[in-house]
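Just data_24.txt here, compact mmCIF, C-alpha atoms and all ligand atoms:
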# COMPACT_ATOMS: atom_id res chain seq x y z
CA MET V 1 6.54 21.14 2.59
CA ASN V 2 8.02 17.76 3.01
CA LEU V 3 10.61 17.48 0.30
CA ARG V 4 13.59 16.37 2.28
CA THR V 5 14.40 13.34 0.18
CA SER V 6 16.88 13.17 -2.59
CA PRO V 7 14.32 12.13 -5.16
CA ALA V 8 12.67 15.43 -4.58
CA ALA V 9 15.96 17.18 -5.19
CA LEU V 10 16.28 15.19 -8.37
CA ALA V 11 12.76 16.11 -9.17
CA VAL V 12 13.51 19.78 -8.82
CA ALA V 13 16.52 19.36 -11.06
CA LEU V 14 14.33 17.77 -13.64
CA ALA V 15 11.84 20.58 -13.46
CA THR V 16 8.19 20.66 -14.07
CA PRO V 17 6.82 17.26 -14.99
CA VAL V 18 8.46 15.68 -11.99
CA ALA V 19 7.43 18.35 -9.56
CA LEU V 20 3.87 17.77 -10.62
CA ALA V 21 3.98 14.28 -9.25
CA THR V 22 5.51 15.02 -5.88
CA PRO V 23 2.66 16.19 -3.71
CA MET V 24 3.93 18.22 -0.86
CA ALA V 25 1.36 19.18 1.66
CA LEU V 26 0.11 15.84 2.94
CA THR V 27 2.04 16.14 6.16
CA ALA V 28 0.83 19.52 7.18
CA SER V 29 0.03 19.55 10.86
CA ALA V 30 -3.47 19.31 12.18
CA ALA V 31 -3.55 23.02 12.79
CA GLY V 32 -2.93 22.57 16.50
CA ALA V 33 -6.11 20.81 17.50
CA ALA V 34 -7.14 21.84 20.99
CA VAL V 35 -6.22 19.04 23.34
CA PRO V 36 -7.99 18.83 26.69
CA ALA V 37 -5.69 18.69 29.70
CA ALA V 38 -6.66 15.13 30.63
CA ALA V 39 -6.53 13.72 27.14
CA GLY V 40 -4.26 10.74 27.33
CA PRO V 41 -4.51 7.84 24.91
CA THR V 42 -7.59 5.68 25.23
CA GLU V 43 -9.55 3.02 23.38
CA PHE V 44 -12.56 3.97 21.30
CA ILE V 45 -14.93 1.11 20.51
CA VAL V 46 -17.04 1.92 17.47
CA ASP V 47 -20.68 0.93 17.98
CA THR V 48 -22.39 2.00 14.76
CA THR V 49 -21.73 1.50 11.06
CA SER V 50 -23.29 4.86 10.22
CA ASP V 51 -20.98 7.65 9.09
CA ALA V 52 -21.54 10.57 11.43
CA VAL V 53 -19.20 13.25 12.70
CA ASP V 54 -18.08 13.69 16.27
CA ALA V 55 -20.28 16.24 18.04
CA ASP V 56 -17.32 17.88 19.78
CA PRO V 57 -13.90 16.85 18.45
CA SER V 58 -12.13 18.79 21.20
CA ASP V 59 -13.59 16.90 24.17
CA GLY V 60 -11.69 13.70 23.51
CA LEU V 61 -14.88 11.64 23.55
CA CYS V 62 -16.21 9.62 20.62
CA ARG V 63 -19.80 10.78 20.49
CA THR V 64 -22.00 11.72 17.59
CA ALA V 65 -25.07 13.92 17.94
CA SER V 66 -27.12 10.77 18.53
CA GLY V 67 -24.71 9.54 21.20
CA ALA V 68 -23.10 6.76 19.15
CA CYS V 69 -19.41 6.20 18.38
CA SER V 70 -18.92 6.04 14.61
CA LEU V 71 -15.64 5.34 12.82
CA ARG V 72 -15.44 8.96 11.71
CA ALA V 73 -16.16 10.24 15.22
CA ALA V 74 -13.55 7.87 16.61
CA VAL V 75 -10.93 9.20 14.19
CA MET V 76 -11.84 12.76 15.13
CA ALA V 77 -11.68 11.96 18.86
CA ALA V 78 -8.41 10.06 18.46
CA ASN V 79 -6.94 13.11 16.75
CA ALA V 80 -7.39 14.90 20.09
CA ARG V 81 -5.87 12.04 22.09
CA GLN V 82 -2.73 10.87 20.39
CA GLY V 83 -1.73 7.26 20.79
CA SER V 84 -5.30 6.03 21.03
CA THR V 85 -6.70 2.78 19.65
CA ILE V 86 -9.90 2.50 17.64
CA THR V 87 -11.57 -0.91 17.78
CA LEU V 88 -13.86 -1.74 14.88
CA PRO V 89 -16.13 -4.75 15.38
CA ALA V 90 -17.19 -6.81 12.38
CA GLY V 91 -19.35 -4.73 10.07
CA HIS V 92 -19.55 -2.81 6.82
CA TYR V 93 -18.50 0.76 7.52
CA ARG V 94 -19.58 2.81 4.49
CA LEU V 95 -18.48 6.43 4.33
CA THR V 96 -21.34 8.66 3.25
CA ILE V 97 -20.10 12.23 3.76
CA PRO V 98 -18.62 13.59 0.51
CA PRO V 99 -15.57 15.85 0.58
CA ASP V 100 -16.22 19.56 0.86
CA PRO V 101 -15.05 21.17 -2.39
CA ARG V 102 -13.90 24.24 -0.49
CA LYS V 103 -11.43 22.09 1.43
CA ILE V 104 -10.04 19.96 -1.37
CA ILE V 105 -6.92 21.99 -1.93
CA GLY V 106 -4.29 22.95 0.58
CA ASP V 107 -3.14 21.94 4.02
CA HIS V 108 -6.40 22.01 5.95
CA PRO V 109 -7.31 18.35 6.22
CA ASP V 110 -10.88 17.87 7.33
CA PRO V 111 -11.73 14.59 9.02
CA ALA V 112 -15.40 15.61 9.07
CA THR V 113 -15.82 15.25 5.30
CA GLY V 114 -14.62 12.91 2.59
CA ASP V 115 -11.57 10.86 3.59
CA LEU V 116 -10.76 10.12 7.23
CA ASN V 117 -7.81 12.30 8.20
CA VAL V 118 -5.65 10.72 10.90
CA ASP V 119 -3.78 13.63 12.45
CA ALA V 120 -2.36 12.02 15.60
CA PRO V 121 -0.67 8.65 16.07
CA THR V 122 -3.48 6.08 16.03
CA THR V 123 -4.02 2.32 15.96
CA ILE V 124 -7.13 0.98 14.21
CA ARG V 125 -8.03 -2.65 14.80
CA GLY V 126 -10.75 -4.61 13.05
CA ALA V 127 -12.12 -8.07 13.79
CA GLY V 128 -10.72 -9.60 10.60
CA ALA V 129 -10.24 -8.53 7.00
CA ARG V 130 -13.16 -10.69 5.87
CA THR V 131 -15.60 -9.19 8.37
CA THR V 132 -14.53 -5.60 9.14
CA VAL V 133 -14.87 -3.65 5.89
CA ILE V 134 -14.28 0.08 5.49
CA ASP V 135 -15.99 1.11 2.25
CA ALA V 136 -15.20 4.61 1.04
CA ASN V 137 -18.22 4.42 -1.22
CA HIS V 138 -16.35 6.11 -4.12
CA LEU V 139 -16.79 9.50 -2.47
CA ASP V 140 -13.06 9.89 -1.73
CA ARG V 141 -10.15 7.73 -0.52
CA ALA V 142 -10.69 6.01 2.85
CA PHE V 143 -7.77 7.41 4.85
CA ARG V 144 -5.17 10.12 4.71
CA MET V 145 -2.46 9.47 7.29
CA GLN V 146 -0.88 12.66 8.56
CA ALA V 147 0.60 10.92 11.62
CA ASP V 148 1.97 7.45 12.38
CA SER V 149 -0.67 4.77 12.05
CA ARG V 150 -1.15 1.04 12.58
CA LEU V 151 -4.06 -0.79 10.95
CA SER V 152 -4.86 -4.46 11.41
CA ASP V 153 -7.51 -7.04 10.58
CA LEU V 154 -9.70 -5.03 8.23
CA THR V 155 -10.43 -4.37 4.55
CA ILE V 156 -10.27 -1.01 2.82
CA THR V 157 -12.30 -0.85 -0.39
CA GLY V 158 -14.40 1.43 -2.58
CA GLY V 159 -11.96 4.33 -2.38
CA THR V 160 -11.78 6.83 -5.21
CA ALA V 161 -9.30 9.59 -4.44
CA VAL V 162 -10.90 13.00 -4.74
CA GLU V 163 -9.25 15.38 -2.27
CA ARG V 164 -5.89 16.51 -3.56
CA GLU V 165 -2.91 18.21 -2.02
CA LEU V 166 -2.12 20.77 -4.66
CA PRO V 167 -4.28 22.12 -7.43
CA ILE V 168 -1.86 20.91 -10.10
CA THR V 169 -1.39 17.35 -8.94
CA ASP V 170 -3.46 14.38 -9.83
CA THR V 171 -5.14 12.52 -6.98
CA GLY V 172 -2.96 10.08 -5.05
CA GLY V 173 -3.92 7.09 -2.94
CA GLY V 174 -7.25 5.50 -3.79
CA GLY V 175 -7.45 3.56 -0.54
CA ILE V 176 -4.88 5.31 1.63
CA ALA V 177 -2.57 8.31 1.21
CA ASN V 178 0.23 7.86 3.75
CA GLY V 179 2.47 10.70 4.87
CA HIS V 180 4.08 9.15 7.94
CA HIS V 181 5.03 5.69 9.22
CA MET V 182 2.17 3.30 8.52
CA THR V 183 2.01 -0.40 9.35
CA LEU V 184 -0.67 -2.66 7.88
CA ARG V 185 -1.10 -6.19 9.29
CA ARG V 186 -3.61 -8.70 7.96
CA VAL V 187 -5.23 -5.93 5.93
CA ALA V 188 -6.77 -6.11 2.47
CA VAL V 189 -6.64 -3.00 0.29
CA THR V 190 -8.80 -3.88 -2.68
CA GLY V 191 -10.99 -2.26 -5.30
CA ASN V 192 -9.79 1.34 -4.97
CA SER V 193 -8.76 3.86 -7.63
CA ALA V 194 -6.77 7.07 -7.99
CA GLY V 195 -4.69 9.06 -10.45
CA TYR V 196 -1.64 7.35 -8.94
CA GLY V 197 -1.28 4.83 -6.16
CA GLY V 198 -4.57 3.04 -6.78
CA GLY V 199 -4.36 1.16 -3.48
CA ILE V 200 -1.79 3.01 -1.37
CA PHE V 201 0.24 6.14 -2.01
CA ASN V 202 3.31 6.82 0.19
CA ILE V 203 4.64 10.36 -0.15
CA PRO V 204 8.29 11.48 0.24
CA GLY V 205 9.26 11.27 3.91
CA SER V 206 6.88 8.38 4.63
CA HIS V 207 7.41 4.69 5.36
CA LEU V 208 5.10 1.72 4.83
CA ASP V 209 5.41 -1.69 6.47
CA LEU V 210 3.00 -4.06 4.72
CA ILE V 211 2.79 -7.37 6.62
CA ASP V 212 0.58 -10.43 6.03
CA SER V 213 -1.61 -8.31 3.77
CA THR V 214 -3.09 -8.23 0.27
CA VAL V 215 -3.24 -5.29 -2.12
CA SER V 216 -5.39 -6.33 -5.07
CA GLY V 217 -7.75 -5.14 -7.75
CA ASN V 218 -6.84 -1.48 -7.49
CA VAL V 219 -6.69 0.78 -10.55
CA ALA V 220 -4.72 3.94 -11.38
CA GLY V 221 -3.12 5.94 -14.17
CA GLU V 222 0.23 5.03 -12.62
CA ALA V 223 1.20 2.84 -9.66
CA GLY V 224 -1.78 0.51 -9.66
CA GLY V 225 -1.26 -1.21 -6.30
CA ILE V 226 1.31 0.65 -4.20
CA ARG V 227 3.31 3.76 -4.86
CA PHE V 228 6.50 4.30 -2.83
CA ASP V 229 8.07 7.75 -2.91
CA ASP V 230 10.30 6.75 0.01
CA SER V 231 11.15 3.59 1.98
CA GLY V 232 9.10 0.57 2.91
CA THR V 233 8.86 -3.16 3.43
CA VAL V 234 6.53 -5.76 1.95
CA THR V 235 6.58 -8.97 4.00
CA ASN V 236 4.46 -12.11 3.64
CA SER V 237 2.12 -10.14 1.42
CA THR V 238 0.41 -10.47 -1.96
CA VAL V 239 0.18 -7.67 -4.52
CA ALA V 240 -2.02 -9.01 -7.28
CA ASP V 241 -4.39 -8.07 -10.08
CA ASN V 242 -3.81 -4.33 -9.86
CA ARG V 243 -4.00 -2.35 -13.10
CA VAL V 244 -2.51 0.79 -14.60
CA THR V 245 -4.04 2.41 -17.65
CA ASN V 246 -2.32 5.48 -19.01
CA PRO V 247 -4.99 8.17 -19.20
CA GLY V 248 -2.92 9.93 -21.86
CA ASP V 249 -2.97 13.30 -20.15
CA ARG V 250 0.52 13.33 -18.67
CA PRO V 251 3.89 13.60 -20.43
CA GLY V 252 6.80 11.17 -20.45
CA SER V 253 6.69 8.42 -17.85
CA LEU V 254 4.24 10.28 -15.62
CA ALA V 255 1.62 7.67 -16.31
CA GLY V 256 1.34 4.11 -17.47
CA TYR V 257 3.99 2.42 -15.29
CA GLY V 258 4.08 0.17 -12.25
CA GLY V 259 1.04 -2.11 -12.34
CA GLY V 260 1.70 -3.73 -8.96
CA ILE V 261 4.36 -1.59 -7.27
CA ASP V 262 5.80 1.71 -8.49
CA ILE V 263 8.90 3.08 -6.75
CA ARG V 264 9.76 6.71 -7.46
CA GLY V 265 11.89 7.53 -4.40
CA ARG V 266 15.30 6.33 -3.30
CA GLY V 267 13.91 3.59 -1.14
CA PRO V 268 15.06 1.23 0.02
CA VAL V 269 11.99 -0.86 -0.58
CA GLU V 270 12.50 -4.39 0.73
CA ILE V 271 10.28 -7.25 -0.44
CA LEU V 272 10.45 -10.47 1.57
CA ASN V 273 8.47 -13.67 1.01
CA SER V 274 5.86 -11.88 -1.04
CA THR V 275 3.96 -12.64 -4.24
CA ILE V 276 3.62 -10.01 -6.97
CA SER V 277 1.41 -11.53 -9.65
CA GLY V 278 -1.30 -10.80 -12.18
CA ASN V 279 -0.70 -7.06 -12.25
CA SER V 280 -0.74 -5.13 -15.51
CA SER V 281 0.19 -1.76 -16.89
CA SER V 282 -0.19 -0.08 -20.24
CA ASP V 283 3.34 1.25 -20.72
CA GLY V 284 5.94 -0.54 -18.56
CA GLY V 285 6.73 -2.43 -15.39
CA GLY V 286 3.63 -4.60 -15.18
CA GLY V 287 4.70 -6.07 -11.85
CA ILE V 288 7.29 -3.68 -10.41
CA ASN V 289 8.60 -0.40 -11.76
CA ILE V 290 11.49 1.46 -10.11
CA ALA V 291 12.67 4.76 -11.55
CA PRO V 292 13.48 7.42 -8.95
CA ALA V 293 12.16 10.89 -9.58
CA TYR V 294 10.86 9.93 -13.01
CA LEU V 295 14.39 9.85 -14.39
CA ASP V 296 13.05 7.44 -16.96
CA SER V 297 11.47 10.49 -18.54
CA LEU V 298 14.86 11.79 -19.65
CA PRO V 299 15.16 11.99 -23.42
CA PHE V 300 18.07 9.54 -23.43
CA PRO V 301 17.44 7.08 -20.60
CA ILE V 302 20.16 4.77 -19.42
CA PRO V 303 19.28 1.21 -20.35
CA ASP V 304 18.06 -0.75 -17.39
CA VAL V 305 20.87 -3.31 -17.57
CA VAL V 306 22.95 -0.76 -15.69
CA ASP V 307 22.58 -0.75 -11.90
CA LEU V 308 22.59 2.77 -10.54
CA PRO V 309 22.25 3.54 -6.85
CA LEU V 310 19.67 6.32 -7.02
CA GLY V 311 16.86 3.97 -6.10
CA ARG V 312 17.05 0.59 -4.40
CA LEU V 313 14.75 -2.41 -4.25
CA THR V 314 15.70 -5.67 -2.57
CA LEU V 315 13.96 -8.98 -3.23
CA ARG V 316 14.22 -12.09 -1.09
CA ASN V 317 12.22 -15.32 -1.20
CA SER V 318 9.71 -13.56 -3.43
CA LEU V 319 7.71 -14.49 -6.49
CA VAL V 320 7.28 -11.93 -9.27
CA ALA V 321 5.44 -13.55 -12.14
CA GLY V 322 2.44 -13.37 -14.40
CA ASN V 323 2.55 -9.60 -14.69
CA THR V 324 1.99 -7.99 -18.08
CA VAL V 325 2.30 -4.90 -20.22
CA ASP V 326 -0.14 -4.82 -23.09
CA GLY V 327 -0.74 -8.51 -22.59
CA LYS V 328 2.95 -9.47 -22.75
CA ALA V 329 5.00 -10.74 -19.81
CA ALA V 330 6.63 -7.82 -17.99
CA ASP V 331 7.54 -8.44 -14.36
CA CYS V 332 10.16 -5.76 -13.61
CA LYS V 333 11.40 -2.52 -15.08
CA LYS V 334 14.05 -0.21 -13.71
CA ALA V 335 15.87 2.99 -14.61
CA PHE V 336 18.61 4.73 -12.61
CA ALA V 337 18.03 2.16 -9.88
CA THR V 338 19.15 -1.19 -8.51
CA ILE V 339 17.06 -4.30 -8.02
CA ALA V 340 19.22 -6.23 -5.57
CA SER V 341 18.39 -9.88 -5.15
CA GLU V 342 19.10 -11.39 -1.76
CA GLY V 343 18.37 -14.81 -3.19
CA HIS V 344 15.62 -17.39 -3.65
CA ASN V 345 13.32 -15.37 -5.89
CA ILE V 346 11.29 -16.45 -8.91
CA ASP V 347 10.85 -14.11 -11.86
CA GLY V 348 8.53 -15.27 -14.62
CA ASP V 349 10.13 -13.53 -17.59
CA GLY V 350 13.72 -12.79 -16.51
CA SER V 351 13.15 -9.03 -16.51
CA CYS V 352 14.05 -8.66 -12.82
CA ARG V 353 17.59 -9.83 -13.72
CA LEU V 354 17.99 -12.13 -10.75
CA THR V 355 21.46 -13.60 -10.31
CA ALA V 356 21.82 -14.39 -6.59
CA ALA V 357 22.02 -17.82 -4.99
CA GLY V 358 18.76 -19.72 -5.22
CA ASP V 359 17.21 -17.35 -7.75
CA LEU V 360 15.02 -18.94 -10.41
CA PRO V 361 14.74 -16.47 -13.30
CA SER V 362 12.44 -17.10 -16.25
CA ARG V 363 10.36 -19.80 -14.60
CA THR V 364 6.69 -20.55 -14.90
CA PRO V 365 5.63 -20.23 -11.27
CA LEU V 366 2.56 -22.53 -11.34
CA ILE V 367 0.44 -20.45 -9.00
CA GLY V 368 -3.31 -20.28 -8.69
CA PRO V 369 -5.44 -17.14 -8.94
CA LEU V 370 -5.94 -14.85 -5.97
CA ALA V 371 -8.43 -16.69 -3.78
CA ASP V 372 -9.51 -17.47 -0.26
CA ASN V 373 -7.05 -20.20 0.61
CA GLY V 374 -7.74 -19.92 4.32
CA GLY V 375 -6.34 -17.27 6.57
CA PRO V 376 -7.58 -13.72 6.95
CA THR V 377 -6.65 -12.43 3.47
CA ASP V 378 -6.65 -13.80 -0.06
CA THR V 379 -3.51 -15.39 -1.45
CA ALA V 380 -2.23 -17.08 -4.61
CA ALA V 381 -1.67 -20.78 -3.86
CA LEU V 382 1.27 -22.76 -5.18
CA LEU V 383 0.14 -25.53 -7.56
CA PRO V 384 1.64 -29.02 -7.67
CA GLY V 385 5.07 -28.97 -9.27
CA SER V 386 5.62 -25.27 -8.65
CA PRO V 387 9.31 -24.37 -8.62
CA ALA V 388 8.54 -22.21 -5.57
CA LEU V 389 7.95 -25.27 -3.39
CA ASP V 390 10.69 -25.76 -0.80
CA ALA V 391 12.93 -23.34 -2.72
CA ALA V 392 13.33 -20.52 -0.18
CA ALA V 393 15.57 -20.05 2.84
CA GLY V 394 15.36 -17.89 5.93
CA CYS V 395 11.58 -17.25 5.77
CA PRO V 396 9.42 -15.61 8.45
CA ALA V 397 7.98 -18.05 11.01
CA THR V 398 4.58 -18.18 9.29
CA ASP V 399 3.18 -17.48 5.83
CA GLN V 400 0.65 -14.75 5.00
CA ARG V 401 -2.21 -16.98 6.21
CA GLY V 402 -0.54 -17.85 9.50
CA VAL V 403 0.68 -21.31 8.43
CA ALA V 404 3.91 -22.27 10.16
CA ARG V 405 7.02 -22.37 7.96
CA PRO V 406 8.60 -24.47 6.76
CA GLN V 407 6.22 -27.16 5.54
CA GLY V 408 8.11 -29.97 3.83
CA ALA V 409 11.84 -29.90 3.30
CA ALA V 410 12.13 -26.11 3.28
CA CYS V 411 9.99 -23.00 3.17
CA ASP V 412 8.41 -21.88 -0.09
CA ILE V 413 9.04 -18.83 -2.26
CA GLY V 414 6.34 -16.17 -2.00
CA ALA V 415 3.64 -15.33 0.53
CA TYR V 416 2.01 -18.78 0.52
CA GLU V 417 3.44 -21.90 2.18
CA HIS V 418 2.03 -25.07 0.68
CA THR V 419 0.66 -27.54 3.19
CA THR V 420 -0.70 -31.00 2.53
CA ARG V 421 -2.94 -30.88 5.57
CA PRO V 422 -6.01 -28.72 6.25
CA LEU V 423 -5.11 -25.23 7.32
CA HIS V 424 -4.99 -24.59 11.01
CA SER V 425 -4.00 -21.00 11.36
CA HIS V 426 -2.87 -20.14 14.82
CA ARG V 427 -0.23 -17.84 16.15
CA ASP V 428 0.26 -15.10 18.61
CA GLN V 429 -1.04 -12.06 16.81
CA GLU V 430 0.57 -8.71 17.22
CA TRP V 431 -1.92 -5.99 18.03
CA CA Z 501 -11.31 14.50 4.79
CA CA Z 502 7.64 -25.82 2.02
What do you get writing this file as structure tokens?
Ligand SMILES: [Ca+2]
Ligand SMILES: [Ca+2]
Amino acid sequence: MNLRTSPAALAVALATPVALATPMALTASAAGAAVPAAAGPTEFIVDTTSDAVDADPSDGLCRTASGACSLRAAVMAANARQGSTITLPAGHYRLTIPPDPRKIIGDHPDPATGDLNVDAPTTIRGAGARTTVIDANHLDRAFRMQADSRLSDLTITGGTAVERELPITDTGGGGIANGHHMTLRRVAVTGNSAGYGGGIFNIPGSHLDLIDSTVSGNVAGEAGGIRFDDSGTVTNSTVADNRVTNPGDRPGSLAGYGGGIDIRGRGPVEILNSTISGNSSSDGGGGINIAPAYLDSLPFPIPDVVDLPLGRLTLRNSLVAGNTVDGKAADCKKAFATIASEGHNIDGDGSCRLTAAGDLPSRTPLIGPLADNGGPTDTAALLPGSPALDAAAGCPATDQRGVARPQGAACDIGAYEHTTRPLHSHRDQEW
């Protein structure tokens, strides 16, 4: 069990409905995989797009029965050699092995079927999010991270969460279910679905660093794009066009909230120079919802004008706009939590209650749709006259695409830095 966080304690205090939504067994160990004596970290270079298992997961070699190194075999081999790196050349890696129904429930993750279970610290590097595509083929989610992980330069799509942690919980994490410290750089998580956390689900005790990445077009019954049950950062990233539709089978606030980002732990979740736009939900918090441990399910909720310290979200240089509930503007919603502005944010409808220096509440952001504006991942461009132009301060050195900041008199609010010249993306890339 991994219920060390306060939200979980709150959850217990609140009894059953909350406990239902706090999956516990994601972090179970890999059952002591046999590690060969000379199994230090290495690099596995995948050389086939076919989805085949490793012939001998204990030998520390990535080798299928036909002698190739598939993505699945590389994950299985890396689980026996912690600290390894998997290199994925450009290609469409479609998972084709469905989950084994006998292994769906409990703490026996099986990297040989369904989702790819990362059980030892692993780095997975693609050749670029537009060319290296991991497609879970709607058989299950793509990854379940049961150890620290770093993913870069790839797309995760086609995930439909099937394997679950407990028989009573809904499925979490359509693209990725993260139980440890995960960093995504220049990654697109798009077109996945789950009961909650349509793109990414982060369980209690986990941490997500989302950098220069896009989470878009994911669908769930709650938490359409990203679910945080603990801490995380969103930097130079775009969370757009994710959708929550309440399936009507869960009580209270257990469904229908958090179209883009849903925060149910204490956090802190820190959002810097990011764009949260075009997300929708059926019940509340079209862009961002923060309500630790489902306290918004209490019969007499505290109105969200009150800042309470049970959950914490910080916003800086970020754009939260164009998000809706039932077609009406609804950027932020909070209960028993604090949305702390560190300045220079835009909020389309005023619901994020921004009051810090440089904040621009209730502004029409004048942004374009999510599109390929150059760079490795899709972004939402700033249109002429946007109040976001030159309105930020203290930005990262580049924007999400790799464009140097600032352009013009100052850097821009959100993940996109407007440039009047053709894009020349160049920078020293980290892993
Ligand atoms: Ca699996
Ligand atoms: Ca600028």
Would you give me, as JSON lines, each residue of chain V having an atom within 9 Å of an atom of ligand CA 502 (chain Z), along with its shortest atom pair and that distance in Å to one decimal, using all atoms listed in the file and sorting by chain and residue number?
{"residue": "V:Ala388", "atom": "CA", "partner": "Z:CA502", "partner_atom": "CA", "distance": 8.5}
{"residue": "V:Leu389", "atom": "CA", "partner": "Z:CA502", "partner_atom": "CA", "distance": 5.4}
{"residue": "V:Asp390", "atom": "CA", "partner": "Z:CA502", "partner_atom": "CA", "distance": 4.2}
{"residue": "V:Ala391", "atom": "CA", "partner": "Z:CA502", "partner_atom": "CA", "distance": 7.5}
{"residue": "V:Ala392", "atom": "CA", "partner": "Z:CA502", "partner_atom": "CA", "distance": 8.1}
{"residue": "V:Arg405", "atom": "CA", "partner": "Z:CA502", "partner_atom": "CA", "distance": 6.9}
{"residue": "V:Pro406", "atom": "CA", "partner": "Z:CA502", "partner_atom": "CA", "distance": 5.0}
{"residue": "V:Gln407", "atom": "CA", "partner": "Z:CA502", "partner_atom": "CA", "distance": 4.0}
{"residue": "V:Gly408", "atom": "CA", "partner": "Z:CA502", "partner_atom": "CA", "distance": 4.6}
{"residue": "V:Ala409", "atom": "CA", "partner": "Z:CA502", "partner_atom": "CA", "distance": 6.0}
{"residue": "V:Ala410", "atom": "CA", "partner": "Z:CA502", "partner_atom": "CA", "distance": 4.7}
{"residue": "V:Cys411", "atom": "CA", "partner": "Z:CA502", "partner_atom": "CA", "distance": 3.8}
{"residue": "V:Asp412", "atom": "CA", "partner": "Z:CA502", "partner_atom": "CA", "distance": 4.5}
{"residue": "V:Ile413", "atom": "CA", "partner": "Z:CA502", "partner_atom": "CA", "distance": 8.3}
{"residue": "V:Glu417", "atom": "CA", "partner": "Z:CA502", "partner_atom": "CA", "distance": 5.7}
{"residue": "V:His418", "atom": "CA", "partner": "Z:CA502", "partner_atom": "CA", "distance": 5.8}
{"residue": "V:Thr419", "atom": "CA", "partner": "Z:CA502", "partner_atom": "CA", "distance": 7.3}
For chain V versus ligand CA 501 (chain Z), which residues have an atom no more than 10 Å away, and what is each residue's nearest atom pair and distance in Å rounded to one decimal, using all atoms listed in the file, chain-then-number order, as CSV?
residue,atom,partner,partner_atom,distance
V:Arg72,CA,Z:CA501,CA,9.8
V:Ile97,CA,Z:CA501,CA,9.1
V:Pro98,CA,Z:CA501,CA,8.5
V:Pro99,CA,Z:CA501,CA,6.1
V:Asp100,CA,Z:CA501,CA,8.1
V:Lys103,CA,Z:CA501,CA,8.3
V:Ile104,CA,Z:CA501,CA,8.3
V:His108,CA,Z:CA501,CA,9.0
V:Pro109,CA,Z:CA501,CA,5.7
V:Asp110,CA,Z:CA501,CA,4.2
V:Pro111,CA,Z:CA501,CA,4.3
V:Ala112,CA,Z:CA501,CA,6.0
V:Thr113,CA,Z:CA501,CA,4.6
V:Gly114,CA,Z:CA501,CA,4.3
V:Asp115,CA,Z:CA501,CA,3.8
V:Leu116,CA,Z:CA501,CA,5.0
V:Asn117,CA,Z:CA501,CA,5.4
V:Val118,CA,Z:CA501,CA,9.1
V:Asp140,CA,Z:CA501,CA,8.2
V:Arg141,CA,Z:CA501,CA,8.7
V:Ala142,CA,Z:CA501,CA,8.7
V:Phe143,CA,Z:CA501,CA,7.9
V:Arg144,CA,Z:CA501,CA,7.5
V:Val162,CA,Z:CA501,CA,9.7
V:Glu163,CA,Z:CA501,CA,7.4
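Among the candidates V:Pro376, V:Pro361, V:Pro268, V:Gly350, the one nearest to Ala337 in chain V when counting all atoms listed in the file is V:Pro268.
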> Which of these residues is nearest to Gly267 in chain V, using all atoms listed in the file: V:Gly205, V:Gly158, V:Pro365, V:Gly172?
Replying inline: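 The closest residue to Gly267 in chain V is V:Gly205.
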> Between V:Thr123, V:Ser281, V:Arg363, V:Leu310, which has the minimum distance to Lys328 in chain V (counting all atoms listed in the file)?
Replying inline: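 Closest to Lys328 in chain V, using all atoms listed in the file: V:Ser281.
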